[in-house]
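entry_20.txt, holding compact mmCIF, C-alpha atoms:
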# COMPACT_ATOMS: atom_id res chain seq x y z
CA MET A 1 -27.55 -1.47 -43.89
CA ALA A 2 -24.25 -2.49 -42.42
CA GLN A 3 -25.88 -5.12 -40.26
CA GLU A 4 -27.41 -6.81 -43.29
CA GLU A 5 -24.14 -6.69 -45.12
CA LEU A 6 -22.47 -8.36 -42.20
CA GLN A 7 -25.06 -11.11 -42.18
CA ARG A 8 -25.01 -11.78 -45.88
CA PRO A 9 -21.67 -13.59 -46.09
CA LEU A 10 -22.72 -15.68 -43.11
CA GLN A 11 -25.97 -16.69 -44.83
CA GLN A 12 -24.09 -17.50 -48.00
CA GLN A 13 -21.57 -19.66 -46.21
CA HIS A 14 -23.97 -21.57 -43.97
CA ALA A 15 -27.17 -23.30 -44.90
CA TYR A 16 -28.63 -23.14 -41.43
CA GLU A 17 -30.62 -20.24 -40.10
CA ILE A 18 -28.84 -17.20 -38.70
CA PRO A 19 -28.93 -17.56 -34.94
CA ALA A 20 -30.99 -15.16 -32.88
CA TRP A 21 -28.00 -13.40 -31.36
CA ASN A 22 -26.89 -12.36 -34.83
CA ARG A 23 -30.33 -11.20 -35.92
CA GLN A 24 -30.96 -9.00 -32.91
CA PRO A 25 -27.63 -7.73 -31.71
CA GLU A 26 -29.18 -4.80 -29.83
CA ALA A 27 -31.34 -7.08 -27.73
CA VAL A 28 -28.42 -9.36 -27.01
CA LEU A 29 -26.23 -6.43 -26.05
CA SER A 30 -28.92 -5.25 -23.72
CA SER A 31 -28.93 -8.64 -22.05
CA VAL A 32 -25.18 -8.58 -21.75
CA ASP A 33 -25.33 -5.16 -20.14
CA LEU A 34 -27.90 -6.39 -17.67
CA ALA A 35 -25.82 -9.43 -16.84
CA ARG A 36 -22.72 -7.31 -16.49
CA ALA A 37 -24.51 -4.90 -14.21
CA SER A 38 -25.67 -7.79 -12.03
CA ILE A 39 -22.21 -9.29 -11.85
CA ASP A 40 -20.75 -5.86 -11.16
CA ALA A 41 -23.13 -5.36 -8.30
CA VAL A 42 -21.94 -8.60 -6.74
CA LEU A 43 -18.30 -7.90 -7.43
CA GLU A 44 -18.56 -4.36 -6.20
CA SER A 45 -19.54 -5.62 -2.79
CA ASN A 46 -16.26 -7.53 -2.80
CA GLY A 47 -14.28 -4.63 -4.18
CA HIS A 48 -13.66 -5.96 -7.69
CA ALA A 49 -16.18 -4.08 -9.81
CA ARG A 50 -13.71 -2.51 -12.12
CA ILE A 51 -12.34 -5.79 -13.34
CA LEU A 52 -15.48 -6.34 -15.40
CA ASN A 53 -16.47 -2.77 -16.00
CA PRO A 54 -13.39 -0.62 -16.37
CA GLU A 55 -15.33 2.12 -18.15
CA ARG A 56 -17.31 2.97 -15.04
CA PRO A 57 -15.99 6.20 -13.52
CA LEU A 58 -14.39 5.76 -10.16
CA THR A 59 -15.85 7.49 -7.15
CA PRO A 60 -13.60 10.12 -5.52
CA GLU A 61 -13.05 7.66 -2.67
CA ALA A 62 -11.97 4.92 -5.06
CA GLN A 63 -9.71 7.35 -6.90
CA ALA A 64 -8.01 8.34 -3.65
CA SER A 65 -7.68 4.67 -2.77
CA ALA A 66 -6.04 3.98 -6.12
CA ARG A 67 -3.57 6.83 -5.61
CA ILE A 68 -2.70 5.56 -2.14
CA ASN A 69 -2.28 2.10 -3.59
CA ASP A 70 0.18 3.51 -6.12
CA ALA A 71 2.16 4.90 -3.20
CA HIS A 72 2.16 1.40 -1.69
CA GLN A 73 3.87 0.07 -4.77
CA ARG A 74 6.54 2.74 -4.57
CA ILE A 75 7.11 2.22 -0.84
CA SER A 76 7.34 -1.54 -1.35
CA ALA A 77 9.95 -0.96 -4.04
CA ILE A 78 11.98 1.28 -1.70
CA ARG A 79 11.85 -1.36 1.01
CA LEU A 80 12.80 -4.14 -1.36
CA ARG A 81 15.75 -2.16 -2.65
CA GLU A 82 16.97 -1.63 0.91
CA LEU A 83 16.54 -5.31 1.77
CA ASN A 84 18.57 -6.26 -1.28
CA GLN A 85 21.33 -3.75 -0.55
CA ALA A 86 21.69 -4.02 3.21
CA PRO A 87 24.57 -6.20 4.36
CA GLN A 88 23.44 -9.24 6.30
CA VAL A 89 26.78 -9.99 7.94
CA LEU A 90 29.81 -7.98 8.88
CA ARG A 91 33.32 -9.25 8.57
CA LYS A 92 35.67 -8.59 11.45
CA SER A 93 37.47 -6.09 9.27
CA ASP A 94 34.24 -4.12 8.96
CA PHE A 95 34.26 -3.24 12.64
CA GLY A 96 33.97 0.44 13.25
CA LYS A 97 32.65 1.09 9.78
CA ALA A 98 29.02 0.17 10.07
CA ALA A 99 27.97 1.37 13.50
CA MET B 1 20.40 0.83 15.35
CA ALA B 2 23.72 -0.24 16.82
CA GLY B 3 21.90 -1.41 19.94
CA PHE B 4 19.60 -3.45 17.80
CA ARG B 5 22.42 -5.48 16.34
CA SER B 6 23.21 -8.66 18.13
CA LEU B 7 26.93 -8.55 17.77
CA PHE B 8 28.79 -11.50 19.15
CA SER B 9 32.12 -13.22 18.74
CA LYS B 10 33.55 -9.76 18.56
CA ALA B 11 36.96 -10.71 19.79
CA ALA B 12 37.47 -14.16 18.37
CA GLY B 13 35.20 -14.67 15.39
CA LEU B 14 36.27 -14.13 11.84
CA VAL B 15 32.73 -13.33 10.79
CA VAL B 16 30.46 -11.27 12.99
CA PRO B 17 26.76 -11.70 12.32
CA VAL B 18 24.51 -8.74 12.86
CA ALA B 19 20.76 -8.78 13.16
CA PRO B 20 19.66 -9.12 9.55
CA THR B 21 17.75 -6.29 8.00
CA THR B 22 14.21 -7.52 7.84
CA LEU B 23 11.05 -5.96 6.56
CA ALA B 24 9.77 -5.80 10.15
CA ASN B 25 12.86 -3.85 11.19
CA LEU B 26 12.44 -1.40 8.34
CA ILE B 27 8.76 -0.87 9.11
CA ASP B 28 9.62 -0.29 12.76
CA GLU B 29 12.07 2.44 11.77
CA GLU B 30 9.61 3.91 9.28
CA SER B 31 6.86 4.03 11.88
CA LYS B 32 8.89 6.35 14.12
CA ILE B 33 9.52 8.73 11.22
CA GLY B 34 5.88 8.44 10.20
CA GLY B 35 4.79 9.45 13.69
CA GLN B 36 6.61 12.77 13.28
CA LEU B 37 4.35 13.74 10.38
CA PHE B 38 1.62 14.90 12.70
CA GLY B 39 3.63 17.36 14.75
CA ASP B 40 5.32 17.25 18.10
CA VAL B 41 4.02 15.09 20.88
CA SER B 42 3.95 15.76 24.58
CA ARG B 43 6.36 14.06 26.92
CA GLY B 44 5.32 10.50 27.51
CA VAL B 45 3.45 10.19 24.25
CA GLU B 46 4.62 7.76 21.58
CA ARG B 47 3.07 8.07 18.16
CA ARG B 48 3.58 5.73 15.23
CA PHE B 49 2.31 5.84 11.68
CA PHE B 50 3.20 3.27 9.07
CA LEU B 51 2.22 1.07 6.18
CA ASP B 52 2.23 -2.61 7.07
CA GLU B 53 3.37 -5.40 4.77
CA GLY B 54 0.01 -5.40 3.06
CA ASN B 55 -2.45 -2.64 2.29
CA SER B 56 -3.15 -1.13 5.69
CA TRP B 57 -1.94 2.00 7.38
CA PHE B 58 -1.76 2.23 11.14
CA PHE B 59 -1.78 5.27 13.37
CA SER B 60 -1.14 4.48 16.99
CA GLU B 61 -0.65 6.64 20.01
CA THR B 62 0.25 5.64 23.51
CA ALA B 63 0.50 8.09 26.39
CA THR B 64 2.25 7.31 29.62
CA ASP B 65 2.47 9.52 32.68
CA PRO B 66 6.18 10.44 32.85
CA ALA B 67 6.01 10.78 36.61
CA THR B 68 4.39 7.48 37.46
CA GLY B 69 4.88 5.42 34.31
CA ARG B 70 1.18 4.68 34.32
CA ARG B 71 -0.41 4.31 30.91
CA LEU B 72 -2.90 7.09 30.34
CA TYR B 73 -4.37 6.03 27.03
CA SER B 74 -3.64 4.01 23.93
CA PHE B 75 -5.40 3.59 20.64
CA THR B 76 -4.73 2.30 17.16
CA ILE B 77 -6.46 3.42 13.99
CA ARG B 78 -6.29 1.14 11.00
CA TYR B 79 -6.91 2.40 7.48
CA GLU B 80 -7.40 -0.50 5.11
CA ILE B 81 -6.96 0.53 1.48
CA LEU B 82 -9.62 -1.22 -0.58
CA PRO B 83 -10.48 -0.68 -4.25
CA GLN B 84 -13.71 1.11 -3.42
CA GLY B 85 -12.29 3.28 -0.66
CA VAL B 86 -10.51 3.40 2.66
CA LEU B 87 -11.98 1.43 5.52
CA LYS B 88 -11.21 2.83 8.94
CA SER B 89 -11.43 1.09 12.27
CA VAL B 90 -10.38 2.16 15.75
CA ASP B 91 -8.99 -0.58 17.97
CA GLY B 92 -10.61 -3.10 15.65
CA LYS B 93 -14.09 -1.63 15.94
CA GLY B 94 -16.43 0.76 14.15
CA HIS B 95 -15.51 0.00 10.57
CA VAL B 96 -16.46 2.88 8.29
CA PHE B 97 -15.35 4.15 4.88
CA ILE B 98 -13.77 7.54 5.29
CA THR B 99 -14.62 10.47 3.03
CA GLY B 100 -13.94 14.17 2.62
CA ILE B 101 -11.29 15.92 4.64
CA GLU B 102 -10.21 12.82 6.54
CA LEU B 103 -9.52 10.97 3.31
CA GLU B 104 -7.65 13.99 1.92
CA HIS B 105 -5.52 14.20 5.04
CA LEU B 106 -4.71 10.51 4.91
CA GLU B 107 -3.66 10.78 1.28
CA GLN B 108 -1.45 13.76 2.09
CA ALA B 109 0.08 11.86 4.99
CA VAL B 110 0.81 8.88 2.75
CA HIS B 111 2.63 11.03 0.21
CA LEU B 112 4.58 12.88 2.91
CA TYR B 113 5.44 9.55 4.50
CA GLU B 114 6.82 8.26 1.23
CA GLN B 115 9.04 11.34 0.85
CA LYS B 116 10.10 11.45 4.48
CA ILE B 117 11.18 7.81 4.81
CA GLU B 118 13.09 8.03 1.55
CA ARG B 119 14.91 11.17 2.65
CA GLU B 120 15.40 10.52 6.35
CA LEU B 121 15.78 6.76 6.44
CA TYR B 122 16.74 5.10 3.20
CA GLU B 123 18.94 7.85 1.78
CA GLN B 124 20.76 7.97 5.11
CA LYS B 125 21.27 4.21 5.07
CA ARG B 126 22.69 4.32 1.56
CA LEU B 127 24.93 7.24 2.51
CA LYS B 128 26.28 5.37 5.53
CA ARG B 129 26.99 2.32 3.41
CA SER B 130 28.84 4.29 0.78
CA GLN B 131 30.85 6.12 3.47
CA ALA B 132 31.69 2.79 5.11
CA ALA B 133 32.75 1.35 1.78
CA ARG B 134 35.05 4.29 1.12
CA ALA B 135 36.63 4.25 4.60
Could you write out this file's structure as structure tokens?
Amino acid sequence: MAQEELQRPLQQQHAYEIPAWNRQPEAVLSSVDLARASIDAVLESNGHARILNPERPLTPEAQASARINDAHQRISAIRLRELNQAPQVLRKSDFGKAA
Amino acid sequence: MAGFRSLFSKAAGLVVPVAPTTLANLIDEESKIGGQLFGDVSRGVERRFFLDEGNSWFFSETATDPATGRRLYSFTIRYEILPQGVLKSVDGKGHVFITGIELEHLEQAVHLYEQKIERELYEQKRLKRSQAARA
């Protein structure tokens, strides 16, 4: 079994007993999932669930929110470009040009 | 826009400051264009729609009686864009996540807003600058 093969080099290299997490990876994974779900539940209430669990499918509402947020980035970029390009002062010689 | 500029020292100064282009100014101009997305308004009604400096959209409408100048009504809807959805409140109250057709309409409005301000505001500004540079 692949799991045993994985453990063998570890047993050969180290005299001490294989730790529990390496003997029962399924059980450990299950615990991790449970912990992740608990943390997600807390984070979700604050709007950060997908940081820890990006595989979870987004709700239609969250998908729409993400698309709107993408538009925010584009609008911010448009505004920033204008702020960088707009003249802040006019020289006297510019009179009549910029009205 | 010309009225917005605080021109001074017109006659004597070598350099004439104008009101600097600020983000607040741009958003103010955008909001007027955004208000046109939802169709014509009656006389005395002012409608604004815009994205603020953060992650919230605002739809506001104020109606004034043209004859008397008396304010008839005014309200502001805020749509806060959060990762899990869009939180709506009216005049700061009644927070609720919107769904269905209202969410679809908001998303459509956001995309139209993006196109409209680019075409009717920022392209025009760039065009004016390039024309001024050539003159």
(Q) Can you tell me which residues surround Pro60 in chain A at a distance of at most 10 Å, considering only C-alpha atoms, apart from same-chain residues fewer than 6 positions away, and format the answer as a list in words? (A)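 Once the nearby chain positions are removed, what remains is Ala66 of chain A; Gln84, Gly85, Thr99, Gly100 and Leu103 of chain B.
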Requested in this report: Quick one: pull the distance between CA of Tyr113 in chain B and CA of Gly34 in chain B, Å, one decimal.
Outcome: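 Computed distance, CA of Tyr113 in chain B to CA of Gly34 in chain B, equals 5.8 Å.
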Worksheet entry | Within 6 Å of Thr76 in chain B using only C-alpha atoms, minus same-chain residues under 4 positions, as a PyMOL selection string | chain B and resi 59-60+90-91
From CA of Ile33 in chain B to CA of Pro66 in chain B the spacing works out at 22.0 Å
One-decimal distance in Å that lies between CA of Arg48 in chain B and CA of Glu29 in chain B:
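One can read the CA of Glu29 in chain B to CA of Arg48 in chain B distance as 9.7 Å.
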Min atom-atom distance to chain A from the set B:Lys32, B:Arg47, B:Arg129, B:Arg119, counting all atoms listed in the file, belongs to B:Arg129
Residue with the minimum atom-to-atom distance to Leu127 in chain B, picked from A:Ala86, A:Thr59, A:Arg67, A:Leu80 with only C-alpha atoms counted, is A:Ala86
